[in-house]
file data06.cif (mmCIF, C-alpha atoms)
data_structure
#
loop_
_atom_site.label_atom_id
_atom_site.label_comp_id
_atom_site.auth_asym_id
_atom_site.auth_seq_id
_atom_site.Cartn_x
_atom_site.Cartn_y
_atom_site.Cartn_z
CA MET A 248 -16.56 7.76 15.31
CA LEU A 249 -15.77 7.48 11.60
CA LEU A 250 -16.62 4.69 9.17
CA ILE A 251 -14.01 4.32 6.43
CA ILE A 252 -15.45 2.81 3.25
CA PRO A 253 -12.91 2.08 0.52
CA ALA A 254 -14.60 1.82 -2.88
CA TYR A 255 -13.18 0.59 -6.15
CA ASN A 256 -15.77 0.00 -8.89
CA GLU A 257 -18.65 -0.52 -6.47
CA GLU A 258 -21.41 1.22 -8.45
CA SER A 259 -23.81 -1.70 -7.97
CA SER A 260 -23.47 -2.12 -4.20
CA LEU A 261 -22.52 1.31 -2.90
CA PRO A 262 -25.98 2.97 -3.25
CA PHE A 263 -27.51 0.28 -0.99
CA LEU A 264 -24.81 0.70 1.63
CA ILE A 265 -25.13 4.51 1.62
CA ASP A 266 -28.94 4.32 1.97
CA LYS A 267 -28.65 1.76 4.75
CA LEU A 268 -26.17 3.90 6.66
CA ASN A 269 -28.20 7.09 6.18
CA GLU A 270 -31.44 5.45 7.33
CA GLY A 271 -30.48 3.27 10.26
CA PHE A 272 -27.02 4.41 11.32
CA ASP A 273 -26.98 8.18 11.15
CA GLN A 274 -25.12 8.36 14.47
CA TYR A 275 -21.94 7.41 12.57
CA ASP A 276 -19.97 9.73 10.32
CA PHE A 277 -18.85 7.90 7.25
CA LEU A 278 -16.23 8.62 4.62
CA ILE A 279 -16.10 6.95 1.21
CA VAL A 280 -12.66 6.76 -0.38
CA ASN A 281 -13.00 6.37 -4.12
CA ASP A 282 -9.88 4.60 -5.36
CA ASN A 283 -10.04 6.11 -8.85
CA SER A 284 -12.85 3.77 -9.94
CA THR A 285 -13.35 3.28 -13.67
CA ASP A 286 -17.14 2.90 -13.40
CA ASN A 287 -19.78 5.37 -12.13
CA THR A 288 -18.82 5.09 -8.44
CA ILE A 289 -17.79 8.75 -8.18
CA GLN A 290 -21.04 10.01 -9.77
CA ILE A 291 -23.06 7.90 -7.34
CA ILE A 292 -21.12 9.30 -4.39
CA GLN A 293 -21.50 12.88 -5.58
CA ASN A 294 -25.24 12.50 -6.22
CA LYS A 295 -25.79 11.06 -2.75
CA ASP A 296 -24.19 14.11 -1.14
CA VAL A 297 -21.99 12.21 1.31
CA ARG A 298 -18.51 12.80 2.69
CA TYR A 299 -15.93 11.41 0.30
CA LEU A 300 -12.34 11.56 -0.87
CA ASP A 301 -11.50 11.07 -4.52
CA LEU A 302 -8.05 9.63 -5.24
CA PRO A 303 -6.50 10.83 -8.52
CA ILE A 304 -4.78 7.48 -9.20
CA ASN A 305 -5.59 3.91 -8.20
CA LEU A 306 -3.64 3.16 -5.03
CA GLY A 307 -5.05 -0.27 -4.27
CA ILE A 308 -7.09 -1.20 -1.21
CA GLY A 309 -4.26 -0.47 1.25
CA GLY A 310 -3.63 3.03 -0.06
CA ALA A 311 -7.36 3.83 -0.10
CA VAL A 312 -7.94 2.58 3.44
CA GLN A 313 -4.87 4.43 4.71
CA THR A 314 -6.24 7.66 3.20
CA GLY A 315 -9.29 7.10 5.41
CA TYR A 316 -7.13 6.60 8.49
CA ILE A 317 -5.20 9.79 7.75
CA TYR A 318 -8.55 11.60 7.46
CA ALA A 319 -9.61 10.16 10.82
CA LEU A 320 -6.32 11.26 12.40
CA ARG A 321 -6.43 14.79 11.01
CA ASN A 322 -10.05 15.32 11.95
CA GLY A 323 -9.63 14.12 15.49
CA TYR A 324 -11.69 10.93 15.43
CA ASP A 325 -11.08 8.62 18.38
CA ILE A 326 -12.43 5.48 16.70
CA ALA A 327 -12.38 4.44 13.06
CA VAL A 328 -14.22 1.45 11.61
CA GLN A 329 -13.29 0.00 8.25
CA VAL A 330 -16.27 -1.29 6.24
CA ASP A 331 -16.01 -2.75 2.73
CA GLY A 332 -17.95 -0.95 0.02
CA ASP A 333 -19.21 -4.17 -1.55
CA GLY A 334 -21.99 -4.90 0.97
CA GLN A 335 -20.24 -7.86 2.63
CA HIS A 336 -20.21 -6.23 6.04
CA ASN A 337 -23.37 -5.60 8.04
CA PRO A 338 -23.33 -2.24 9.83
CA GLU A 339 -25.40 -3.74 12.70
CA TYR A 340 -22.17 -5.14 14.19
CA ILE A 341 -20.40 -1.78 14.36
CA LYS A 342 -22.05 -1.07 17.72
CA ASP A 343 -20.50 -4.19 19.30
CA MET A 344 -17.10 -3.43 17.81
CA ILE A 345 -17.12 0.10 19.19
CA ALA A 346 -18.18 -1.17 22.61
CA MET A 347 -15.16 -3.50 22.64
CA ILE A 348 -12.83 -0.63 21.67
CA LYS A 349 -14.29 1.43 24.53
CA ASP A 350 -13.66 -1.56 26.83
CA GLY A 351 -9.95 -1.29 26.05
CA ALA A 352 -9.18 -3.26 22.89
CA ASP A 353 -6.95 -1.34 20.48
CA MET A 354 -8.30 -3.11 17.41
CA VAL A 355 -11.40 -5.26 16.94
CA ILE A 356 -11.81 -7.59 13.96
CA GLY A 357 -15.21 -8.80 12.80
CA SER A 358 -14.77 -12.54 12.28
CA ARG A 359 -17.11 -14.76 10.27
CA PHE A 360 -15.51 -17.91 11.69
CA ILE A 361 -16.51 -17.65 15.36
CA THR A 362 -20.16 -18.58 14.99
CA LYS A 363 -19.60 -19.89 11.44
CA GLU A 364 -22.83 -18.33 10.20
CA GLY A 365 -23.52 -16.53 6.96
CA PHE A 366 -21.15 -16.26 4.01
CA GLN A 367 -18.12 -18.45 4.75
CA SER A 368 -16.15 -18.04 1.52
CA SER A 369 -15.02 -20.95 -0.64
CA ARG A 370 -13.31 -24.05 0.77
CA MET A 371 -9.98 -23.19 -0.87
CA ARG A 372 -10.05 -19.68 0.51
CA ARG A 373 -10.96 -20.94 3.99
CA LEU A 374 -7.94 -23.23 3.83
CA GLY A 375 -5.74 -20.23 3.02
CA ILE A 376 -7.29 -18.22 5.84
CA HIS A 377 -6.67 -21.07 8.34
CA TYR A 378 -3.06 -21.24 7.19
CA LEU A 379 -2.59 -17.48 7.73
CA SER A 380 -4.28 -17.76 11.09
CA PHE A 381 -1.84 -20.55 11.97
CA ILE A 382 1.34 -18.65 11.06
CA ILE A 383 0.11 -15.54 12.90
CA LYS A 384 -0.47 -17.69 15.99
CA LEU A 385 2.95 -19.25 15.51
CA LEU A 386 4.76 -15.91 15.28
CA THR A 387 2.81 -13.83 17.79
CA GLY A 388 1.02 -16.34 20.01
CA VAL A 389 -2.25 -14.54 19.32
CA ARG A 390 -5.14 -16.40 17.76
CA VAL A 391 -6.98 -14.48 15.05
CA THR A 392 -9.66 -16.61 13.40
CA ASP A 393 -10.33 -14.28 10.46
CA PRO A 394 -7.07 -12.51 9.57
CA THR A 395 -8.25 -11.48 6.08
CA SER A 396 -11.38 -9.74 7.35
CA GLY A 397 -11.47 -6.10 6.31
CA PHE A 398 -14.21 -5.38 8.87
CA ARG A 399 -12.29 -3.85 11.75
CA ALA A 400 -12.45 -1.08 14.31
CA CYS A 401 -9.44 0.83 15.64
CA ASN A 402 -8.76 3.28 18.43
CA ARG A 403 -6.72 6.48 18.12
CA LYS A 404 -3.44 4.68 18.82
CA VAL A 405 -3.93 2.28 15.89
CA ILE A 406 -5.31 5.06 13.67
CA ARG A 407 -2.02 6.90 14.19
CA LEU A 408 -0.02 3.74 13.51
CA PHE A 409 -1.90 3.00 10.26
CA SER A 410 -1.62 6.61 9.10
CA SER A 411 2.15 6.38 9.04
CA ASN A 412 2.54 2.75 8.05
CA TYR A 413 0.13 0.66 5.99
CA PRO A 414 0.86 -2.06 3.41
CA ILE A 415 -0.25 -1.37 -0.17
CA ASP A 416 -1.79 -4.62 -1.39
CA TYR A 417 -3.47 -7.44 0.57
CA PRO A 418 -2.91 -5.48 3.78
CA GLU A 419 -5.16 -7.23 6.32
CA PRO A 420 -3.01 -10.12 7.64
CA GLU A 421 0.16 -8.01 7.63
CA THR A 422 -1.43 -5.19 9.64
CA ILE A 423 -2.35 -7.68 12.38
CA ILE A 424 1.36 -8.32 12.93
CA THR A 425 2.15 -4.59 12.80
CA VAL A 426 -0.52 -3.87 15.41
CA LEU A 427 0.64 -6.67 17.73
CA LYS A 428 4.31 -5.73 17.34
CA ASN A 429 3.46 -2.21 18.46
CA ARG A 430 2.04 -3.61 21.69
CA CYS A 431 -1.55 -2.99 20.74
CA SER A 432 -4.23 -5.55 21.56
CA ILE A 433 -6.52 -7.27 19.07
CA LYS A 434 -9.90 -8.78 19.87
CA GLU A 435 -12.38 -10.51 17.61
CA THR A 436 -16.12 -10.41 17.58
CA ALA A 437 -18.51 -12.73 15.75
CA VAL A 438 -20.12 -11.25 12.66
CA VAL A 439 -22.28 -12.64 9.87
CA MET A 440 -21.09 -11.55 6.44
CA ASN A 441 -23.05 -11.39 3.21
CA GLU A 442 -21.90 -12.60 -0.14
CA ARG A 443 -20.57 -9.61 -2.05
CA MET A 444 -23.32 -7.85 -3.98
CA GLY A 445 -21.27 -6.46 -6.79
CA GLY A 446 -17.74 -5.79 -7.81
CA LYS A 447 -15.06 -8.43 -7.89
CA SER A 448 -13.08 -9.92 -5.06
CA SER A 449 -9.68 -8.34 -4.95
CA ILE A 450 -8.21 -11.84 -5.13
CA ASP A 451 -9.06 -14.09 -8.07
CA PHE A 452 -8.12 -17.74 -8.32
CA PHE A 453 -4.95 -17.30 -10.33
CA LYS A 454 -3.62 -14.67 -7.99
CA SER A 455 -4.18 -16.78 -4.90
CA ILE A 456 -0.81 -18.54 -5.03
CA TYR A 457 0.96 -15.22 -5.41
CA TYR A 458 -1.22 -13.89 -2.60
CA MET A 459 -0.25 -16.67 -0.18
CA ILE A 460 3.47 -16.34 -0.89
CA LYS A 461 3.43 -12.55 -0.71
CA VAL A 462 1.38 -12.40 2.48
CA SER A 463 3.43 -15.11 4.20
CA LEU A 464 6.63 -13.28 3.34
CA ALA A 465 5.13 -9.97 4.50
CA ILE A 466 4.09 -11.57 7.79
CA PHE A 467 7.55 -13.04 8.39
CA ILE A 468 9.30 -9.78 7.57
CA ALA A 469 6.87 -7.73 9.65
CA SER A 470 7.39 -10.01 12.64
CA ALA A 471 11.17 -9.83 12.26
CA SER A 472 11.47 -6.04 12.04
CA THR A 473 10.18 -5.09 15.46
CA LYS A 474 12.60 -2.32 16.22
CA ARG A 475 12.28 -0.48 12.94
CA ARG A 476 8.52 -0.45 12.99
CA GLY A 477 8.43 0.51 16.62
CA ARG A 478 10.66 3.48 15.99
CA ARG A 479 8.64 4.58 13.01
CA PHE A 480 5.50 4.50 15.12
CA ALA A 481 7.11 6.62 17.83
CA GLY A 482 8.31 9.17 15.29
CA MET B 106 44.37 -9.82 -23.95
CA ASN B 107 44.55 -9.13 -27.66
CA ILE B 108 45.74 -5.57 -28.45
CA ILE B 109 42.93 -5.01 -31.00
CA LEU B 110 40.31 -6.07 -28.48
CA GLN B 111 41.97 -3.83 -25.93
CA ILE B 112 41.81 -0.76 -28.21
CA ASN B 113 38.21 -1.52 -29.16
CA LEU B 114 37.26 -1.83 -25.49
CA ILE B 115 38.97 1.43 -24.56
CA VAL B 116 37.33 3.35 -27.41
CA GLY B 117 33.94 1.74 -26.74
CA THR B 118 34.00 2.46 -23.01
CA LEU B 119 35.10 6.04 -23.59
CA LEU B 120 32.16 6.51 -25.96
CA VAL B 121 29.79 5.05 -23.36
CA LEU B 122 31.20 7.38 -20.69
CA LEU B 123 30.84 10.37 -23.01
CA PHE B 124 27.26 9.36 -23.78
CA ILE B 125 26.37 9.11 -20.05
CA VAL B 126 27.96 12.50 -19.34
CA TYR B 127 26.04 14.00 -22.29
CA MET B 128 22.77 12.53 -20.98
CA ILE B 129 23.39 13.97 -17.52
CA LYS B 130 24.33 17.38 -18.94
CA SER B 131 21.13 17.54 -20.99
CA ASN B 132 19.08 16.53 -17.91
CA LYS B 133 17.81 13.31 -19.45
CA VAL B 134 19.30 11.15 -16.70
CA ALA B 135 19.62 12.07 -13.04
CA LEU B 136 23.20 11.99 -11.75
CA LYS B 137 21.95 10.08 -8.71
CA TYR B 138 20.82 7.08 -10.79
CA SER B 139 23.63 7.18 -13.36
CA LEU B 140 26.37 6.97 -10.75
CA THR B 141 26.36 3.16 -10.88
CA TRP B 142 26.56 3.30 -14.69
CA ILE B 143 29.47 5.72 -14.60
CA LEU B 144 31.29 3.62 -12.03
CA SER B 145 30.84 0.43 -14.02
CA ALA B 146 31.94 2.09 -17.27
CA PHE B 147 34.94 3.54 -15.46
CA PHE B 148 35.79 0.14 -14.05
CA LEU B 149 35.56 -1.39 -17.52
CA LEU B 150 37.88 1.32 -18.84
CA ILE B 151 40.47 0.53 -16.19
CA ILE B 152 40.17 -3.18 -16.96
CA SER B 153 40.70 -2.59 -20.67
CA ILE B 154 43.79 -0.48 -19.99
CA PHE B 155 45.20 -2.86 -17.36
CA PRO B 156 43.83 -6.33 -18.23
CA LYS B 157 46.06 -7.89 -15.53
CA ILE B 158 43.47 -6.77 -12.98
CA VAL B 159 41.01 -9.31 -14.35
CA THR B 160 43.58 -12.08 -14.08
CA PHE B 161 44.17 -11.06 -10.49
CA PHE B 162 40.42 -11.13 -9.72
CA ALA B 163 39.99 -14.45 -11.49
CA ASP B 164 42.73 -16.00 -9.36
CA LEU B 165 41.28 -14.43 -6.22
CA LEU B 166 37.79 -15.79 -6.85
CA GLY B 167 39.02 -19.13 -8.14
CA ILE B 168 37.67 -18.58 -11.64
CA VAL B 169 39.72 -20.51 -14.22
CA SER B 170 38.77 -18.65 -17.40
CA ILE B 171 39.32 -14.90 -17.66
CA THR B 172 36.27 -14.55 -19.91
CA ASN B 173 34.12 -16.02 -17.14
CA ALA B 174 35.61 -13.53 -14.70
CA ILE B 175 34.58 -10.69 -17.00
CA TYR B 176 31.04 -12.11 -17.24
CA PHE B 177 30.92 -12.44 -13.49
CA ILE B 178 32.02 -8.85 -12.95
CA ALA B 179 29.56 -7.59 -15.57
CA ILE B 180 26.65 -9.47 -13.97
CA ALA B 181 27.62 -8.19 -10.53
CA PHE B 182 27.48 -4.63 -11.82
CA LEU B 183 24.11 -5.26 -13.48
CA TYR B 184 22.77 -6.60 -10.17
CA ILE B 185 23.87 -3.45 -8.38
CA ILE B 186 22.34 -1.23 -11.05
CA LEU B 187 19.06 -3.19 -11.08
CA PHE B 188 18.76 -3.16 -7.33
CA ASN B 189 19.32 0.57 -7.31
CA LEU B 190 16.48 0.90 -9.81
CA THR B 191 14.20 -1.20 -7.58
CA ILE B 192 14.99 1.12 -4.70
CA ALA B 193 14.27 4.13 -6.90
CA ILE B 194 10.90 2.65 -7.93
CA THR B 195 9.96 1.93 -4.32
CA VAL B 196 10.84 5.44 -3.20
CA GLY B 197 9.00 6.88 -6.20
CA SER B 198 5.79 4.91 -5.66
CA GLU B 199 5.80 5.77 -1.96
CA ARG B 200 5.95 9.44 -2.95
CA ASP B 201 3.22 8.92 -5.55
CA ARG B 202 0.97 7.47 -2.88
CA LYS B 203 1.53 10.37 -0.49
CA ILE B 204 0.96 12.93 -3.24
CA ALA B 205 -2.21 11.16 -4.42
CA GLN B 206 -3.55 11.13 -0.86
CA GLU B 207 -2.82 14.83 -0.43
CA ILE B 208 -4.52 15.59 -3.76
CA ALA B 209 -7.61 13.75 -2.53
CA PHE B 210 -7.61 15.88 0.64
CA LEU B 211 -7.07 19.12 -1.29
CA ARG B 212 -9.81 18.23 -3.78
CA SER B 213 -12.30 17.75 -0.96
CA GLU B 214 -11.21 20.98 0.73
CA ILE B 215 -11.65 22.91 -2.53
CA GLU B 216 -15.15 21.45 -2.97
CA GLN B 217 -16.04 22.46 0.58
CA LEU B 218 -14.73 25.99 0.05
CA LYS B 219 -16.64 26.30 -3.21
CA ALA B 220 -19.85 25.17 -1.53
CA LYS B 221 -19.26 27.61 1.31
CA GLN B 222 -18.57 30.44 -1.11
CA GLN B 223 -21.81 29.74 -2.94
CA GLN B 224 -23.66 29.89 0.36
CA ASP B 225 -22.01 33.16 1.38
CA GLN B 226 -22.42 34.85 -2.00
CA PRO B 227 -26.15 35.73 -1.79
CA LYS B 228 -25.68 37.17 1.72
CA GLU B 229 -22.94 39.52 0.57
CA ASP B 230 -25.06 40.67 -2.35
CA SER B 231 -27.94 41.52 -0.07
CA LYS B 232 -25.56 43.42 2.24
CA LYS B 233 -24.42 45.52 -0.69
CA ALA B 234 -28.02 46.24 -1.59
CA ASP B 235 -28.62 47.56 1.94
#
call {"tool": "encode", "arguments": {"input": "data06.cif", "output": "structure tokens"}}
result
Amino acid sequence: MLLIIPAYNEESSLPFLIDKLNEGFDQYDFLIVNDNSTDNTIQIIQNKDVRYLDLPINLGIGGAVQTGYIYALRNGYDIAVQVDGDGQHNPEYIKDMIAMIKDGADMVIGSRFITKEGFQSSRMRRLGIHYLSFIIKLLTGVRVTDPTSGFRACNRKVIRLFSSNYPIDYPEPETIITVLKNRCSIKETAVVMNERMGGKSSIDFFKSIYYMIKVSLAIFIASASTKRRGRRFAG
Amino acid sequence: MNIILQINLIVGTLLVLLFIVYMIKSNKVALKYSLTWILSAFFLLIISIFPKIVTFFADLLGIVSITNAIYFIAIAFLYIILFNLTIAITVGSERDRKIAQEIAFLRSEIEQLKAKQQQDQPKEDSKKAD
């Protein structure tokens, strides 16, 4: 059981998350992946004496998260849970997510739109999320209410898949297709998210148009290239 | 085609070819990525020696003006070269990512070994004292 925490310039929120995990959730191993932050993130991690990886160049969220999955694969973890370093995700839900993985789901996504409690994001962003949810349903027949959620648990099969194949930027919706195309199952569980404590959202307003086009294209291409991805996974 | 233009083109293309070969010889450009440049320069050389080829292509593609045919051919070559560069960038950044990830792993292993060494050091000293 490994928690993967990607961190890029999270000096304000990371100490709280580390303390929270050390106090109430010491049954989980956790790994912080510092994505070459320009602030004091690395000093904070080193002072706290926790397990971490320090990337020499900024790879973006996808590259950082994938580094965590490779770590999980190499160190023989059966389950990996991705948790954002900005304090949006509550570790209380990890227990439920792991239970669902043990019940047979290959990947479990923490969705804030099942009970519609807590931080719901802005109206514009929700509209974008509904649109992504719609095209994923259209292409795969599977309903995912929160495709952009970075709060997700994976079993060994998906850890292996992500270690060899993970998109670089805005990876969440695209990986859903990759997982489904490789005949892995996805389940969602209701979570309550917090508003981010510090740092900046990886998507600002002006990038949102680019984001929607890029992610839509990525989803279409990913759903079209079944054979290639399948073979890559096998090899 | 005007004979003066033809001579200018031949001389110019030969110079370009010489320049590319010089760059490859002095290891400033990889042969792999300059192949498209060499091919296009070579093609231009052939065209300037036998300008009838362009007329043939223009007729084949239904292009009325020969000048337009030359533009079209030039742009087609640029497309090929640019796309090759995009491929090279993609391959390069994929390698960058893998290397960066391995560096992160090696860094953490070195730290662990250092910490272990510091732990073992006092023990070995005391053994020597015995």
call {"tool": "interface_residues", "arguments": {"input": "data06.cif", "of": "chain B", "to": "chain A", "cutoff": "12 Å", "atoms": "all atoms listed in the file", "output": "list of chain:residue names"}}
result
B:Thr195, B:Ser198, B:Glu199, B:Arg200, B:Asp201, B:Arg202, B:Lys203, B:Ile204, B:Ala205, B:Gln206, B:Glu207, B:Ile208, B:Ala209, B:Phe210, B:Leu211, B:Arg212, B:Ser213, B:Glu214, B:Ile215, B:Glu216, B:Gln217, B:Ala220
call {"tool": "atom_distance", "arguments": {"input": "data06.cif", "atom1": "CA of Phe161 in chain B", "atom2": "CA of Ser139 in chain B"}}
result
27.6 Å
call {"tool": "resolve_selection", "arguments": {"input": "data06.cif", "expression": "the PyMOL selection byres ((chain A and resi 459-467) around 10)", "output": "PDB file with C-alpha atoms, in the frame of the given file"}}
result
ATOM      1  CA  GLY A 375      -5.740 -20.230   3.020  1.00  0.00           C
ATOM      2  CA  ILE A 376      -7.290 -18.220   5.840  1.00  0.00           C
ATOM      3  CA  TYR A 378      -3.060 -21.240   7.190  1.00  0.00           C
ATOM      4  CA  LEU A 379      -2.590 -17.480   7.730  1.00  0.00           C
ATOM      5  CA  ILE A 382       1.340 -18.650  11.060  1.00  0.00           C
ATOM      6  CA  ILE A 383       0.110 -15.540  12.900  1.00  0.00           C
ATOM      7  CA  LEU A 386       4.760 -15.910  15.280  1.00  0.00           C
ATOM      8  CA  PRO A 414       0.860  -2.060   3.410  1.00  0.00           C
ATOM      9  CA  ASP A 416      -1.790  -4.620  -1.390  1.00  0.00           C
ATOM     10  CA  TYR A 417      -3.470  -7.440   0.570  1.00  0.00           C
ATOM     11  CA  PRO A 418      -2.910  -5.480   3.780  1.00  0.00           C
ATOM     12  CA  GLU A 419      -5.160  -7.230   6.320  1.00  0.00           C
ATOM     13  CA  PRO A 420      -3.010 -10.120   7.640  1.00  0.00           C
ATOM     14  CA  GLU A 421       0.160  -8.010   7.630  1.00  0.00           C
ATOM     15  CA  THR A 422      -1.430  -5.190   9.640  1.00  0.00           C
ATOM     16  CA  ILE A 423      -2.350  -7.680  12.380  1.00  0.00           C
ATOM     17  CA  ILE A 424       1.360  -8.320  12.930  1.00  0.00           C
ATOM     18  CA  THR A 425       2.150  -4.590  12.800  1.00  0.00           C
ATOM     19  CA  LYS A 454      -3.620 -14.670  -7.990  1.00  0.00           C
ATOM     20  CA  SER A 455      -4.180 -16.780  -4.900  1.00  0.00           C
ATOM     21  CA  ILE A 456      -0.810 -18.540  -5.030  1.00  0.00           C
ATOM     22  CA  TYR A 457       0.960 -15.220  -5.410  1.00  0.00           C
ATOM     23  CA  TYR A 458      -1.220 -13.890  -2.600  1.00  0.00           C
ATOM     24  CA  ILE A 468       9.300  -9.780   7.570  1.00  0.00           C
ATOM     25  CA  ALA A 469       6.870  -7.730   9.650  1.00  0.00           C
ATOM     26  CA  SER A 470       7.390 -10.010  12.640  1.00  0.00           C
ATOM     27  CA  ALA A 471      11.170  -9.830  12.260  1.00  0.00           C
ATOM     28  CA  SER A 472      11.470  -6.040  12.040  1.00  0.00           C
TER      29      SER A 472
END
call {"tool": "atom_distance", "arguments": {"input": "data06.cif", "atom1": "CA of Leu123 in chain B", "atom2": "CA of Thr191 in chain B"}}
result
25.5 Å
call {"tool": "atom_distance", "arguments": {"input": "data06.cif", "atom1": "CA of Tyr138 in chain B", "atom2": "CA of Ala181 in chain B"}}
result
16.7 Å
call {"tool": "resolve_selection", "arguments": {"input": "data06.cif", "expression": "the PyMOL selection byres ((chain A and resi 322) around 12)", "output": "list in words"}}
result
Met248, Leu249, Asp276, Leu278, Gly315, Tyr316, Ile317, Tyr318, Ala319, Leu320, Arg321, Gly323, Tyr324, Asp325, Ile326, Ala327, Arg403, Ile406 and Arg407 of chain A; Phe210 of chain B
call {"tool": "resolve_selection", "arguments": {"input": "data06.cif", "expression": "the PyMOL selection byres ((chain A and resi 441) around 9)", "output": "MDAnalysis selection string"}}
result
chainID A and resid 334:337 365:367 439:440 442:444
